[in-house]
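Let me begin by presenting the structure, written as structure tokens, before commenting on it.
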Amino acid sequence: MYEKRNDMAAADRTIHPLRSLTRAQFAALGGDAVAYMRPVTGAVLDTFIDDAVFEAEAEYQLLMAADGTPLLVADNSDSVNDWLGENNLGLATLH
């Protein structure tokens with residue numbers, strides 16, 4: 001007798017190849033084609049960007065490469081979108 005639930009249970013045990021990637025391998029998937037944007041305050045930016053001055057309470061848009069490398073800091077998302085278009089990068093909508 002065929003039972004569909006046995007097939008479903010077997011499928012649940014199958015591990016998708018993306019789940020076994022290391023952090024470095026996962027970050028490399030986006031390579032130099034994908035970036036993500038995150039709103040941050042100037043106070044946060046001051047902790048890891050030494051050669052610029054930011055207003056502590058102001059909100060900025062931080063653009064990061066798939067591997068976490070900071071690419072751009074802007075004061076609005078329109079500037080980020082312009083930069084992305086000029087550099088042929090896509091923005092990840094979920095991270």
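Identifiers for the structure tokens are assigned positionally: chains receive A, B, ... in sequence, residues are indexed from 1 per chain, and ligands are indexed from 1 in the order shown.
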At a cut-off of 12 Å, using only C-alpha atoms, what residues contact region 48-54 of chain A? Leave out same-chain residues fewer than 2 positions from it and give the result as an MDAnalysis selection string. chainID A and resid 40:46 56:60 62 69:75
Show which residues sit within 10 Å of Leu91 (chain A), as an MDAnalysis selection string. Count only C-alpha atoms, and ignore same-chain residues fewer than 6 positions away. chainID A and resid 33:37 63:66 80:81 84:85
Limited to C-alpha atoms, could you put the picked residues into a file as an mmCIF file, in the first residue's frame?
data_model
loop_
_atom_site.group_PDB
_atom_site.id
_atom_site.type_symbol
_atom_site.label_atom_id
_atom_site.label_comp_id
_atom_site.auth_asym_id
_atom_site.auth_seq_id
_atom_site.Cartn_x
_atom_site.Cartn_y
_atom_site.Cartn_z
ATOM 1 C CA ALA A 33 26.409 41.207 -7.824
ATOM 2 C CA VAL A 34 24.216 41.507 -4.730
ATOM 3 C CA ALA A 35 24.092 44.021 -1.912
ATOM 4 C CA TYR A 36 21.769 44.793 0.947
ATOM 5 C CA MET A 37 20.803 48.075 2.557
ATOM 6 C CA LEU A 63 24.922 49.498 1.768
ATOM 7 C CA MET A 64 26.775 46.236 2.322
ATOM 8 C CA ALA A 65 28.109 43.611 -0.093
ATOM 9 C CA ALA A 66 26.876 40.050 0.256
ATOM 10 C CA VAL A 80 21.711 54.197 -2.796
ATOM 11 C CA ASN A 81 19.489 53.188 -5.732
ATOM 12 C CA LEU A 84 23.446 50.564 -7.398
ATOM 13 C CA GLY A 85 22.370 51.338 -10.969
#
Taking the DSSP secondary structure from the backbone, can you list the residues of region 19-65 of chain A that are strand (DSSP E), as an MDAnalysis selection string? chainID A and resid 34:41 59:65
Any chance you could export the current selection's C-alpha atoms as a compact mmCIF listing (two decimals), in the first residue's frame?
# COMPACT_ATOMS: atom_id res chain seq x y z
CA VAL A 34 24.22 41.51 -4.73
CA ALA A 35 24.09 44.02 -1.91
CA TYR A 36 21.77 44.79 0.95
CA MET A 37 20.80 48.08 2.56
CA ARG A 38 20.38 48.64 6.26
CA PRO A 39 19.26 51.80 8.08
CA VAL A 40 21.75 52.77 10.82
CA THR A 41 22.34 55.76 13.05
CA GLU A 59 19.63 57.93 10.22
CA TYR A 60 21.77 56.81 7.28
CA GLN A 61 21.50 54.01 4.74
CA LEU A 62 24.40 51.57 4.90
CA LEU A 63 24.92 49.50 1.77
CA MET A 64 26.78 46.24 2.32
CA ALA A 65 28.11 43.61 -0.09
Have a look at CA of Ala24 (chain A) and CA of Ser77 (chain A) and let me know their distance in Å, one decimal. 27.6 Å
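Taking only C-alpha atoms into account, Ala28 (chain A) lies nearest to A:Asp67 out of the set A:Asp67, A:Thr47, A:Asn87, A:Ser79.
From CA of His16 (chain A) back to CA of Ala92 (chain A), the distance works out to 21.0 Å.
Note that CA of Gly90 (chain A) and CA of Leu18 (chain A) are 20.4 Å apart.
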